[in-house]
6 protein chains.
Amino acid sequence: MGVVVQNIERADAAVIAGLAECGVATVHEAQGRKGLLASYMRPIYSGARIAASAVTISAPPCDNWMIHVAVEQVKPGDVIVLAPTSPSDAGYFGELLATSLRARGCAGLVIEAGVRDIRELTEMQFPVWSKAVCAQGTVKATLGSVNVPIVCAGAAIDPGDVIVADDDGVCVVRRAEAPAVLEAAKKRLANEEAKRARFASGELGLDIYDMRPKLAAMGLKYV
Amino acid sequence: MGVVVQNIERADAAVIAGLAECGVATVHEAQGRKGLLASYMRPIYSGARIAASAVTISAPPCDNWMIHVAVEQVKPGDVIVLAPTSPSDAGYFGELLATSLRARGCAGLVIEAGVRDIRELTEMQFPVWSKAVCAQGTVKATLGSVNVPIVCAGAAIDPGDVIVADDDGVCVVRRAEAPAVLEAAKKRLANEEAKRARFASGELGLDIYDMRPKLAAMGLKYV
Amino acid sequence: MGVVVQNIERADAAVIAGLAECGVATVHEAQGRKGLLASYMRPIYSGARIAASAVTISAPPCDNWMIHVAVEQVKPGDVIVLAPTSPSDAGYFGELLATSLRARGCAGLVIEAGVRDIRELTEMQFPVWSKAVCAQGTVKATLGSVNVPIVCAGAAIDPGDVIVADDDGVCVVRRAEAPAVLEAAKKRLANEEAKRARFASGELGLDIYDMRPKLAAMGLKYV
Amino acid sequence: MGVVVQNIERADAAVIAGLAECGVATVHEAQGRKGLLASYMRPIYSGARIAASAVTISAPPCDNWMIHVAVEQVKPGDVIVLAPTSPSDAGYFGELLATSLRARGCAGLVIEAGVRDIRELTEMQFPVWSKAVCAQGTVKATLGSVNVPIVCAGAAIDPGDVIVADDDGVCVVRRAEAPAVLEAAKKRLANEEAKRARFASGELGLDIYDMRPKLAAMGLKYV
Amino acid sequence: MGVVVQNIERADAAVIAGLAECGVATVHEAQGRKGLLASYMRPIYSGARIAASAVTISAPPCDNWMIHVAVEQVKPGDVIVLAPTSPSDAGYFGELLATSLRARGCAGLVIEAGVRDIRELTEMQFPVWSKAVCAQGTVKATLGSVNVPIVCAGAAIDPGDVIVADDDGVCVVRRAEAPAVLEAAKKRLANEEAKRARFASGELGLDIYDMRPKLAAMGLKYV
Amino acid sequence: MGVVVQNIERADAAVIAGLAECGVATVHEAQGRKGLLASYMRPIYSGARIAASAVTISAPPCDNWMIHVAVEQVKPGDVIVLAPTSPSDAGYFGELLATSLRARGCAGLVIEAGVRDIRELTEMQFPVWSKAVCAQGTVKATLGSVNVPIVCAGAAIDPGDVIVADDDGVCVVRRAEAPAVLEAAKKRLANEEAKRARFASGELGLDIYDMRPKLAAMGLKYV
């Protein structure tokens, strides 16, 4: 505890931008169904969609001091990802800190704890994915660490990993794997685009994917 | 497991349309306060309101294969109702399957599990009531059944039963009881319409329902 | 049980109006981080923000009779606060009762139980904070009490206390403490206003609050 | 509501006794993995194991009147199964009612609600599987029904169905299917008995079930 | 925050001892079904049964400093009741503090948070009712208060109120009401004793309580 | 997916044995309050206390095939730690697999999912910490991996890390850190031993830890 890592490596900006366009569900599939954060991580308003490099925070329960420390480490386009060392629903984050982060070009916040000032954050369109909404404040009394490996909502996250988040939840992509995941995601989208037209014309998945023989072989009975 | 019932009976289309206009709370009252699914079944966006005949699916946990099988059984105006045989929050359903269902005239989905592509489903205005939002995908490996009796979110549902769903949740009406329930619901609405005007004018429920004598008899004290 | 207290004292209307403008998070901080209701108390739609004098109800589980009794006790600007004597998610409240309350000038409802008619309540813009949305109805069979002290969602509330509620949740301010809390909240807001401009210009909290020496003294290491 | 069915059919006593010896996990497997109640149904003390014919109760929330009505319908060896019409954790059942049920030869209670007098029930060794322990009492004010079909903890149960319950939870076996399920369960146990000796001697499941070729075919890599 | 009230009044020792013999369910009924703490407050081992005067603690989240302050205020036979000002499952309490409390004659602990050293506490037979078991430790950094009014697990508790706790949960009796509640509880027990013999002999509650005419009048049908 | 790592390094046996004696709460404190698994991981019976090297499993939801694969990798004294790739409460594990593991000298199981055969596992005294008890079975259809890094109940675990588990929950100690953590834990125990005697003699923590000046400096008031 009590360490701030100042220089972290980030994925290529074009790769990150590409992942943002793909969205969580596609990226999650494209990397082999790993990296998803727990489904209790929900957006505070609908419609936000980001991809960004993670600046991580390991914070004590009910103590948001380290967010102030982390702001200084944020580069434009980064997202802050905070995991408490013990479960807490307290409101670590509100509109003043969002103003500070926006001034630094921060893309959003992912936090396995509570946030407040929901109305103001929505008006600002500052994207947040959190475990809870709670007006209970926090203290600034104990050290945590910035840019160390964390486990957030059940997923292991290293600083500089790419976070993809939208209305479906939050997914982490390992920095080194980001280019390959983007390639796989694009292929998946292209494949889906072709499928979509066939589905829209009324064709059945049973035929598009040639499922009937396999279903029959497994014993499916039509009565 | 592994059975698809191809011909199911449905309630009269006019009755179903009538139930849609009444809404969940009224229909639930009108049929004697039964048939409500558990309150964790929530719409993925606000404002949808449907009534439709149930095409039921009993599906293995984390396996959405049977949805493809069920699509072929859907007639225009039907709703798919899926219950997993073991609890699962995985994302069984997304935008591609919704495209397929819309092409078949499907009215929506009720699923005691997870869904994904929330943004796209909202843009399409394809109504879904689910237990969870989760980007985690599913497999296509094990057989389930289509159009068999199921228990979904604590309610017993037979194929062809009428599902009523809106922002208040989801309610099932037995097919054979649907005409009588609609009659009762219409009476209830007419009765409420008269009451609404009196309430709006400032009259009290205490007087409208003549509650004062009964309250006094039970010993209510004003101090 | 079975008591209706007819005359309760209320806080000054100007003080109440002032607290509404401050919002839950600020008021909660201003009164020393006490009085917050449990975070499962959520608004049924986004954007509502009220402060009002509490007309309290202690109600039996699954029985909404006392709401009708309480309506008569409501003065313009009051909010009804209902706590069941045993946990219940049933739908105590819907559009008809909201019509009645609106006719009396009621500002909203806070209820540690369920509500229904969400679509209609949203169209009316009648603000409700509840523990659940549930179409399950209630009975009118057993007495409760109106304007007695209650514990609602973990907070002790006396009749006439000021309830502040918005998208962040619900907070109670003791009637006698309301003027002092408003003063403290205003100071807090003024202080935040000054801070906001500095944050927006890119200044860091580390410098605004002079945190660097204390962090160094506690052993924070930059690597 | 308000119906008591007095004559119900029960499964053969020897079949019921046989199912008791098999236990929940084996019976659940033997009938094709159906009929399990939700896993929040837990025994109030460890070690009880029963099988019995269900006398069902559909009860109003927080109202235990119908248990008194049901006691008269109990025959020696029956189990009472209670589902509330709306969720309730209240304590419907305690030591006095257990004394009454024991005098009638009742085998136990399965209740999707709360119970109390845990210490006394444990001393009596009266088996109970419940959703909650809660000292909150109930009223006797509203009618329910006895021996009608119910949905309890997510499972559909008809009067006279066989309930199997132990430390693993609760499972329902359809009355008509009970003899066949017992046969299947016995075969399963005999098969497991042979396997158990091989496992105990250190043989691996990989070899006992000849899994290695299939694992290799699916691509499992040893590194 | 930051106040220790040193002199509190306690109920009569004989009254407290009497309430301990009655148990939670009986006491709760005897005082009109009020004062029960939420049912998530569970004993860490089975069989403990106490009644004691409350020494209350309002503690910051994840901070157990005030327990040390409270120990000095404990008189033989008291129970400590701790409510955090924000939800916390951290382990505030373990075997060392139990050793300290036992040396002071303390009867037990009721805590709406976590405890640890379960094995050692069970061996010592030091009774604890808690919301969670969690090995996560706490800090000693922020002031709270001792012997101030608190809300614990949804119940309002004043210092010196009588806490009754057993395997059914925890109930609070107002100090001033304790003698009357004990009288009512004793009457209830005597009444139950007479009923118990009748139930044990096979008599039905339907007859003991003369319920048949009322059930018939409400329309109960036997078929 | 689909990888079995056959050779993993383990911590020194004497170090592991030493950690077992220290217990979860002490070890967790000794390593700086990190490594604790979520508090929903509970033992299936009271009194078990182990420390062991982790053989890890990343398993598909509702599929226990990889446990059979992992058995072969277990050396005497190891513990199996299983995390599903998607949440599942299904019963992955029962008495037959426990028989197989015991024959291999396995010390126990930690599983973020369900188990069954609780009665038999308790009789065998085979220690299990799980998220759920559930009789629902699993399939053997999809590959997972053995001895890869996993996230289990919120904690990152590498194969060969030391798992410490008892009635307080489960904690992981990094293999490389185990000797240092044991040293710190022993010091902590020795320190506590000295403190325990002082507490038992009635001395106060306020004096033992010299807290009074700091409390006074922070403004604690005695009234």
# chains A, B, ... in the order shown; residues from 1 in each chain; ligands from 1
call {"tool": "select_by_dssp", "arguments": {"residues": "chain E", "states": "strand (DSSP E)", "output": "mmCIF file with N, CA, C and O atoms, in the first residue's frame"}}
result
data_model
loop_
_atom_site.group_PDB
_atom_site.id
_atom_site.type_symbol
_atom_site.label_atom_id
_atom_site.label_comp_id
_atom_site.auth_asym_id
_atom_site.auth_seq_id
_atom_site.Cartn_x
_atom_site.Cartn_y
_atom_site.Cartn_z
ATOM 1 N N VAL E 3 -18.919 11.472 21.326
ATOM 2 C CA VAL E 3 -19.460 11.655 22.667
ATOM 3 C C VAL E 3 -19.580 10.296 23.368
ATOM 4 O O VAL E 3 -20.037 9.331 22.758
ATOM 5 N N VAL E 4 -19.168 10.248 24.632
ATOM 6 C CA VAL E 4 -19.363 9.045 25.438
ATOM 7 C C VAL E 4 -20.251 9.396 26.630
ATOM 8 O O VAL E 4 -19.849 10.191 27.483
ATOM 9 N N ARG E 42 -27.909 -12.778 12.668
ATOM 10 C CA ARG E 42 -27.911 -14.189 13.029
ATOM 11 C C ARG E 42 -26.854 -14.508 14.073
ATOM 12 O O ARG E 42 -25.802 -13.870 14.113
ATOM 13 N N PRO E 43 -27.121 -15.486 14.946
ATOM 14 C CA PRO E 43 -26.106 -15.905 15.920
ATOM 15 C C PRO E 43 -24.953 -16.615 15.216
ATOM 16 O O PRO E 43 -25.173 -17.282 14.208
ATOM 17 N N ILE E 50 -29.839 -14.754 25.527
ATOM 18 C CA ILE E 50 -29.506 -13.741 26.526
ATOM 19 C C ILE E 50 -30.574 -12.653 26.595
ATOM 20 O O ILE E 50 -31.355 -12.466 25.672
ATOM 21 N N ALA E 51 -30.593 -11.948 27.733
ATOM 22 C CA ALA E 51 -31.238 -10.640 27.833
ATOM 23 C C ALA E 51 -30.264 -9.763 28.598
ATOM 24 O O ALA E 51 -29.612 -10.231 29.549
ATOM 25 N N ALA E 52 -30.144 -8.487 28.189
ATOM 26 C CA ALA E 52 -29.110 -7.638 28.778
ATOM 27 C C ALA E 52 -29.387 -6.179 28.455
ATOM 28 O O ALA E 52 -30.121 -5.875 27.515
ATOM 29 N N SER E 53 -28.784 -5.297 29.227
ATOM 30 C CA SER E 53 -28.922 -3.855 28.986
ATOM 31 C C SER E 53 -27.965 -3.421 27.885
ATOM 32 O O SER E 53 -26.783 -3.776 27.903
ATOM 33 N N ALA E 54 -28.477 -2.591 26.967
ATOM 34 C CA ALA E 54 -27.674 -2.187 25.820
ATOM 35 C C ALA E 54 -26.707 -1.059 26.152
ATOM 36 O O ALA E 54 -27.123 0.004 26.619
ATOM 37 N N VAL E 55 -25.415 -1.287 25.902
ATOM 38 C CA VAL E 55 -24.426 -0.216 25.782
ATOM 39 C C VAL E 55 -24.263 -0.005 24.278
ATOM 40 O O VAL E 55 -23.803 -0.900 23.574
ATOM 41 N N THR E 56 -24.696 1.152 23.789
ATOM 42 C CA THR E 56 -24.757 1.343 22.339
ATOM 43 C C THR E 56 -23.501 2.010 21.787
ATOM 44 O O THR E 56 -22.849 2.791 22.471
ATOM 45 N N ILE E 57 -23.191 1.662 20.528
ATOM 46 C CA ILE E 57 -22.076 2.293 19.824
ATOM 47 C C ILE E 57 -22.539 2.721 18.433
ATOM 48 O O ILE E 57 -23.099 1.925 17.689
ATOM 49 N N SER E 58 -22.301 3.993 18.099
ATOM 50 C CA SER E 58 -22.440 4.458 16.725
ATOM 51 C C SER E 58 -21.034 4.583 16.169
ATOM 52 O O SER E 58 -20.267 5.439 16.596
ATOM 53 N N ALA E 59 -20.678 3.697 15.231
ATOM 54 C CA ALA E 59 -19.280 3.604 14.781
ATOM 55 C C ALA E 59 -19.147 3.957 13.310
ATOM 56 O O ALA E 59 -20.039 3.689 12.522
ATOM 57 N N ASP E 78 -24.225 -6.408 30.880
ATOM 58 C CA ASP E 78 -24.566 -5.580 29.712
ATOM 59 C C ASP E 78 -24.240 -6.301 28.407
ATOM 60 O O ASP E 78 -23.416 -7.208 28.353
ATOM 61 N N VAL E 79 -24.889 -5.857 27.345
ATOM 62 C CA VAL E 79 -24.557 -6.308 25.996
ATOM 63 C C VAL E 79 -24.168 -5.081 25.170
ATOM 64 O O VAL E 79 -24.765 -4.019 25.317
ATOM 65 N N ILE E 80 -23.146 -5.207 24.351
ATOM 66 C CA ILE E 80 -22.779 -4.114 23.444
ATOM 67 C C ILE E 80 -23.583 -4.246 22.153
ATOM 68 O O ILE E 80 -23.715 -5.341 21.603
ATOM 69 N N VAL E 81 -24.146 -3.116 21.693
ATOM 70 C CA VAL E 81 -24.918 -3.089 20.444
ATOM 71 C C VAL E 81 -24.287 -2.046 19.533
ATOM 72 O O VAL E 81 -24.288 -0.863 19.861
ATOM 73 N N LEU E 82 -23.732 -2.480 18.399
ATOM 74 C CA LEU E 82 -23.013 -1.574 17.508
ATOM 75 C C LEU E 82 -23.714 -1.429 16.160
ATOM 76 O O LEU E 82 -24.044 -2.412 15.502
ATOM 77 N N ALA E 83 -23.944 -0.176 15.747
ATOM 78 C CA ALA E 83 -24.466 0.118 14.412
ATOM 79 C C ALA E 83 -23.470 1.004 13.684
ATOM 80 O O ALA E 83 -23.077 2.053 14.198
ATOM 81 N N PRO E 84 -23.030 0.612 12.473
ATOM 82 C CA PRO E 84 -22.134 1.476 11.709
ATOM 83 C C PRO E 84 -22.933 2.614 11.071
ATOM 84 O O PRO E 84 -24.111 2.465 10.785
ATOM 85 N N GLY E 91 -14.803 -7.157 9.650
ATOM 86 C CA GLY E 91 -14.757 -7.856 10.936
ATOM 87 C C GLY E 91 -14.320 -6.940 12.060
ATOM 88 O O GLY E 91 -13.140 -6.871 12.376
ATOM 89 N N TYR E 92 -15.270 -6.290 12.712
ATOM 90 C CA TYR E 92 -14.989 -5.330 13.791
ATOM 91 C C TYR E 92 -14.505 -6.012 15.071
ATOM 92 O O TYR E 92 -13.967 -5.340 15.945
ATOM 93 N N PHE E 93 -14.754 -7.304 15.208
ATOM 94 C CA PHE E 93 -14.689 -7.913 16.535
ATOM 95 C C PHE E 93 -14.140 -9.324 16.428
ATOM 96 O O PHE E 93 -14.495 -10.073 15.517
ATOM 97 N N GLY E 108 -22.558 -10.276 25.913
ATOM 98 C CA GLY E 108 -22.520 -10.612 24.491
ATOM 99 C C GLY E 108 -22.453 -9.376 23.621
ATOM 100 O O GLY E 108 -22.299 -8.253 24.107
ATOM 101 N N LEU E 109 -22.558 -9.604 22.297
ATOM 102 C CA LEU E 109 -22.438 -8.530 21.325
ATOM 103 C C LEU E 109 -23.519 -8.672 20.260
ATOM 104 O O LEU E 109 -23.783 -9.764 19.765
ATOM 105 N N VAL E 110 -24.135 -7.531 19.896
ATOM 106 C CA VAL E 110 -25.053 -7.466 18.763
ATOM 107 C C VAL E 110 -24.472 -6.421 17.816
ATOM 108 O O VAL E 110 -24.280 -5.271 18.211
ATOM 109 N N ILE E 111 -24.158 -6.801 16.570
ATOM 110 C CA ILE E 111 -23.420 -5.908 15.683
ATOM 111 C C ILE E 111 -23.941 -6.005 14.253
ATOM 112 O O ILE E 111 -23.966 -7.084 13.670
ATOM 113 N N GLU E 112 -24.343 -4.840 13.708
ATOM 114 C CA GLU E 112 -24.830 -4.818 12.320
ATOM 115 C C GLU E 112 -23.633 -4.653 11.372
ATOM 116 O O GLU E 112 -23.539 -3.684 10.621
ATOM 117 N N ALA E 113 -22.716 -5.607 11.453
ATOM 118 C CA ALA E 113 -21.502 -5.596 10.635
ATOM 119 C C ALA E 113 -20.909 -6.989 10.750
ATOM 120 O O ALA E 113 -21.612 -7.941 11.089
ATOM 121 N N GLY E 114 -19.580 -7.130 10.482
ATOM 122 C CA GLY E 114 -18.979 -8.447 10.518
ATOM 123 C C GLY E 114 -18.196 -8.728 11.791
ATOM 124 O O GLY E 114 -17.823 -7.804 12.517
ATOM 125 N N VAL E 115 -17.960 -10.019 12.053
ATOM 126 C CA VAL E 115 -17.082 -10.458 13.149
ATOM 127 C C VAL E 115 -16.169 -11.569 12.603
ATOM 128 O O VAL E 115 -16.434 -12.155 11.569
ATOM 129 N N VAL E 128 -22.598 -13.892 20.064
ATOM 130 C CA VAL E 128 -22.578 -12.775 19.121
ATOM 131 C C VAL E 128 -23.696 -12.961 18.102
ATOM 132 O O VAL E 128 -23.893 -14.058 17.582
ATOM 133 N N TRP E 129 -24.418 -11.869 17.856
ATOM 134 C CA TRP E 129 -25.362 -11.836 16.738
ATOM 135 C C TRP E 129 -24.833 -10.792 15.772
ATOM 136 O O TRP E 129 -24.610 -9.634 16.150
ATOM 137 N N SER E 130 -24.626 -11.175 14.504
ATOM 138 C CA SER E 130 -24.011 -10.260 13.554
ATOM 139 C C SER E 130 -24.685 -10.350 12.192
ATOM 140 O O SER E 130 -25.476 -11.253 11.928
ATOM 141 N N LYS E 131 -24.323 -9.381 11.335
ATOM 142 C CA LYS E 131 -24.835 -9.375 9.968
ATOM 143 C C LYS E 131 -23.951 -10.210 9.053
ATOM 144 O O LYS E 131 -24.395 -10.679 8.009
ATOM 145 N N ALA E 132 -22.689 -10.398 9.419
ATOM 146 C CA ALA E 132 -21.769 -11.096 8.527
ATOM 147 C C ALA E 132 -20.650 -11.725 9.329
ATOM 148 O O ALA E 132 -20.367 -11.339 10.460
ATOM 149 N N VAL E 133 -20.009 -12.728 8.715
ATOM 150 C CA VAL E 133 -18.740 -13.243 9.206
ATOM 151 C C VAL E 133 -17.703 -12.833 8.172
ATOM 152 O O VAL E 133 -17.869 -13.111 6.991
ATOM 153 N N SER E 145 -19.522 7.441 18.699
ATOM 154 C CA SER E 145 -20.075 7.777 20.005
ATOM 155 C C SER E 145 -20.520 6.524 20.741
ATOM 156 O O SER E 145 -20.824 5.505 20.124
ATOM 157 N N VAL E 146 -20.555 6.632 22.071
ATOM 158 C CA VAL E 146 -20.985 5.519 22.913
ATOM 159 C C VAL E 146 -22.172 5.958 23.767
ATOM 160 O O VAL E 146 -22.174 7.072 24.296
ATOM 161 N N ILE E 150 -29.289 4.847 18.732
ATOM 162 C CA ILE E 150 -28.868 4.352 17.416
ATOM 163 C C ILE E 150 -30.038 3.649 16.722
ATOM 164 O O ILE E 150 -31.032 3.312 17.358
ATOM 165 N N VAL E 151 -29.885 3.459 15.410
ATOM 166 C CA VAL E 151 -30.764 2.559 14.673
ATOM 167 C C VAL E 151 -29.901 1.385 14.234
ATOM 168 O O VAL E 151 -28.942 1.563 13.491
ATOM 169 N N CYS E 152 -30.215 0.178 14.739
ATOM 170 C CA CYS E 152 -29.418 -1.012 14.441
ATOM 171 C C CYS E 152 -30.299 -2.032 13.729
ATOM 172 O O CYS E 152 -31.312 -2.471 14.287
ATOM 173 N N ALA E 155 -33.974 -1.192 13.776
ATOM 174 C CA ALA E 155 -34.689 -0.928 15.032
ATOM 175 C C ALA E 155 -34.023 0.216 15.784
ATOM 176 O O ALA E 155 -32.795 0.270 15.864
ATOM 177 N N ALA E 156 -34.825 1.117 16.344
ATOM 178 C CA ALA E 156 -34.296 2.210 17.147
ATOM 179 C C ALA E 156 -33.976 1.694 18.548
ATOM 180 O O ALA E 156 -34.811 1.061 19.178
ATOM 181 N N ILE E 157 -32.751 1.941 19.026
ATOM 182 C CA ILE E 157 -32.306 1.433 20.327
ATOM 183 C C ILE E 157 -31.698 2.564 21.130
ATOM 184 O O ILE E 157 -30.815 3.274 20.647
ATOM 185 N N VAL E 162 -33.484 -2.954 26.902
ATOM 186 C CA VAL E 162 -33.167 -4.366 27.120
ATOM 187 C C VAL E 162 -33.140 -5.093 25.776
ATOM 188 O O VAL E 162 -34.075 -5.008 24.987
ATOM 189 N N ILE E 163 -32.033 -5.787 25.522
ATOM 190 C CA ILE E 163 -31.881 -6.594 24.309
ATOM 191 C C ILE E 163 -32.156 -8.053 24.666
ATOM 192 O O ILE E 163 -31.565 -8.579 25.607
ATOM 193 N N VAL E 164 -33.044 -8.686 23.922
ATOM 194 C CA VAL E 164 -33.294 -10.117 24.080
ATOM 195 C C VAL E 164 -32.843 -10.776 22.787
ATOM 196 O O VAL E 164 -33.208 -10.310 21.697
ATOM 197 N N ALA E 165 -32.036 -11.842 22.882
ATOM 198 C CA ALA E 165 -31.504 -12.464 21.670
ATOM 199 C C ALA E 165 -31.392 -13.964 21.858
ATOM 200 O O ALA E 165 -30.991 -14.434 22.934
ATOM 201 N N ASP E 166 -31.760 -14.702 20.820
ATOM 202 C CA ASP E 166 -31.587 -16.156 20.821
ATOM 203 C C ASP E 166 -31.531 -16.654 19.381
ATOM 204 O O ASP E 166 -31.243 -15.863 18.481
ATOM 205 N N GLY E 169 -33.305 -14.630 16.602
ATOM 206 C CA GLY E 169 -32.891 -13.289 16.225
ATOM 207 C C GLY E 169 -32.720 -12.379 17.433
ATOM 208 O O GLY E 169 -32.362 -12.845 18.513
ATOM 209 N N VAL E 170 -32.976 -11.089 17.233
ATOM 210 C CA VAL E 170 -32.724 -10.092 18.280
ATOM 211 C C VAL E 170 -33.914 -9.147 18.371
ATOM 212 O O VAL E 170 -34.461 -8.715 17.351
ATOM 213 N N CYS E 171 -34.313 -8.828 19.612
ATOM 214 C CA CYS E 171 -35.440 -7.931 19.846
ATOM 215 C C CYS E 171 -35.057 -6.912 20.907
ATOM 216 O O CYS E 171 -34.334 -7.230 21.842
ATOM 217 N N VAL E 172 -35.531 -5.659 20.762
ATOM 218 C CA VAL E 172 -35.260 -4.645 21.770
ATOM 219 C C VAL E 172 -36.552 -4.308 22.525
ATOM 220 O O VAL E 172 -37.620 -4.166 21.922
ATOM 221 N N VAL E 173 -36.421 -4.200 23.838
ATOM 222 C CA VAL E 173 -37.536 -3.792 24.693
ATOM 223 C C VAL E 173 -37.164 -2.461 25.344
ATOM 224 O O VAL E 173 -36.087 -2.335 25.938
ATOM 225 N N LYS E 221 -64.568 -23.175 1.930
ATOM 226 C CA LYS E 221 -65.330 -24.317 1.402
ATOM 227 C C LYS E 221 -64.509 -25.589 1.498
ATOM 228 O O LYS E 221 -63.371 -25.624 1.053
ATOM 229 N N TYR E 222 -65.122 -26.648 2.041
ATOM 230 C CA TYR E 222 -64.488 -27.965 2.059
ATOM 231 C C TYR E 222 -65.027 -28.786 0.898
ATOM 232 O O TYR E 222 -66.247 -28.913 0.757
#
call {"tool": "closest_atom_pairs", "arguments": {"of": "chain F", "to": "chain A", "cutoff": "10 Å", "atoms": "only C-alpha atoms", "output": "CSV"}}
result
residue,atom,partner,partner_atom,distance
F:Met1,CA,A:Gly32,CA,8.5
F:Gly32,CA,A:Met1,CA,8.3
F:Arg33,CA,A:Thr85,CA,8.1
F:Lys34,CA,A:Thr85,CA,7.2
F:Gly35,CA,A:Thr85,CA,9.2
F:Leu36,CA,A:Ser86,CA,8.8
F:Ala38,CA,A:Pro87,CA,8.6
F:Ser39,CA,A:Pro87,CA,9.6
F:Thr85,CA,A:Lys34,CA,7.5
F:Ser86,CA,A:Ala38,CA,9.0
F:Pro87,CA,A:Ala38,CA,8.8
F:Pro149,CA,A:Ala156,CA,10.0
F:Ile150,CA,A:Ala156,CA,8.7
F:Val151,CA,A:Gly154,CA,6.4
F:Cys152,CA,A:Gly154,CA,7.5
F:Ala153,CA,A:Gly154,CA,6.8
F:Gly154,CA,A:Gly154,CA,4.6
F:Ala155,CA,A:Val151,CA,6.6
F:Ala156,CA,A:Val151,CA,6.9
call {"tool": "residues_around", "arguments": {"residues": "Ala197 of chain A", "least_positions_apart": "5", "cutoff": "12 Å", "atoms": "only C-alpha atoms", "output": "CSV table (one decimal) with N, CA, C and O atoms, in the first residue's frame"}}
result
chain,number,residue,atom,x,y,z
A,190,ALA,N,-18.2,-8.2,-39.0
A,190,ALA,CA,-18.4,-8.3,-40.4
A,190,ALA,C,-19.3,-9.6,-40.6
A,190,ALA,O,-20.3,-9.5,-41.4
A,191,ASN,N,-19.0,-10.6,-39.9
A,191,ASN,CA,-19.8,-11.9,-40.0
A,191,ASN,C,-21.2,-11.6,-39.5
A,191,ASN,O,-22.2,-12.1,-40.2
A,192,GLU,N,-21.4,-10.9,-38.5
A,192,GLU,CA,-22.7,-10.6,-38.0
A,192,GLU,C,-23.5,-9.7,-39.0
A,192,GLU,O,-24.7,-9.9,-39.1
A,202,GLY,N,-36.1,-12.8,-42.7
A,202,GLY,CA,-37.0,-13.9,-42.3
A,202,GLY,C,-36.3,-15.3,-42.3
A,202,GLY,O,-36.9,-16.2,-41.8
A,203,GLU,N,-35.1,-15.3,-42.7
A,203,GLU,CA,-34.4,-16.6,-42.7
A,203,GLU,C,-34.2,-17.1,-41.2
A,203,GLU,O,-34.0,-16.2,-40.3
A,204,LEU,N,-34.2,-18.4,-41.0
A,204,LEU,CA,-34.1,-18.9,-39.6
A,204,LEU,C,-32.6,-19.2,-39.3
A,204,LEU,O,-31.9,-19.7,-40.1
A,205,GLY,N,-32.3,-19.0,-38.0
A,205,GLY,CA,-31.0,-19.4,-37.5
A,205,GLY,C,-30.8,-20.9,-37.7
A,205,GLY,O,-29.6,-21.4,-38.0
A,208,ILE,N,-29.5,-20.8,-41.3
A,208,ILE,CA,-28.3,-20.1,-41.5
A,208,ILE,C,-27.1,-20.8,-40.9
A,208,ILE,O,-26.1,-20.8,-41.5
B,96,LEU,N,-29.0,-9.8,-32.8
B,96,LEU,CA,-29.2,-10.6,-33.9
B,96,LEU,C,-30.5,-11.4,-33.8
B,96,LEU,O,-31.3,-11.5,-34.7
B,97,LEU,N,-30.6,-12.1,-32.6
B,97,LEU,CA,-31.8,-12.9,-32.4
B,97,LEU,C,-33.1,-12.0,-32.4
B,97,LEU,O,-34.1,-12.4,-32.9
B,99,THR,N,-33.5,-9.4,-34.2
B,99,THR,CA,-33.7,-9.1,-35.6
B,99,THR,C,-34.5,-10.3,-36.2
B,99,THR,O,-35.5,-10.1,-37.0
B,100,SER,N,-34.1,-11.5,-35.9
B,100,SER,CA,-34.8,-12.7,-36.4
B,100,SER,C,-36.2,-12.7,-35.9
B,100,SER,O,-37.2,-13.0,-36.6
B,103,ALA,N,-38.5,-10.1,-37.5
B,103,ALA,CA,-38.9,-10.5,-38.9
B,103,ALA,C,-40.0,-11.5,-38.9
B,103,ALA,O,-40.8,-11.6,-39.8
call {"tool": "residues_around", "arguments": {"residues": "Asn7 of chain D", "least_positions_apart": "2", "cutoff": "9 Å", "atoms": "only C-alpha atoms", "output": "PyMOL selection string"}}
result
(chain D and resi 5+9+73+147) or (chain E and resi 223)
call {"tool": "atom_distance", "arguments": {"atom1": "atom CA of Gly94 of chain E", "atom2": "atom CA of Cys134 of chain E"}}
result
10.2 Å
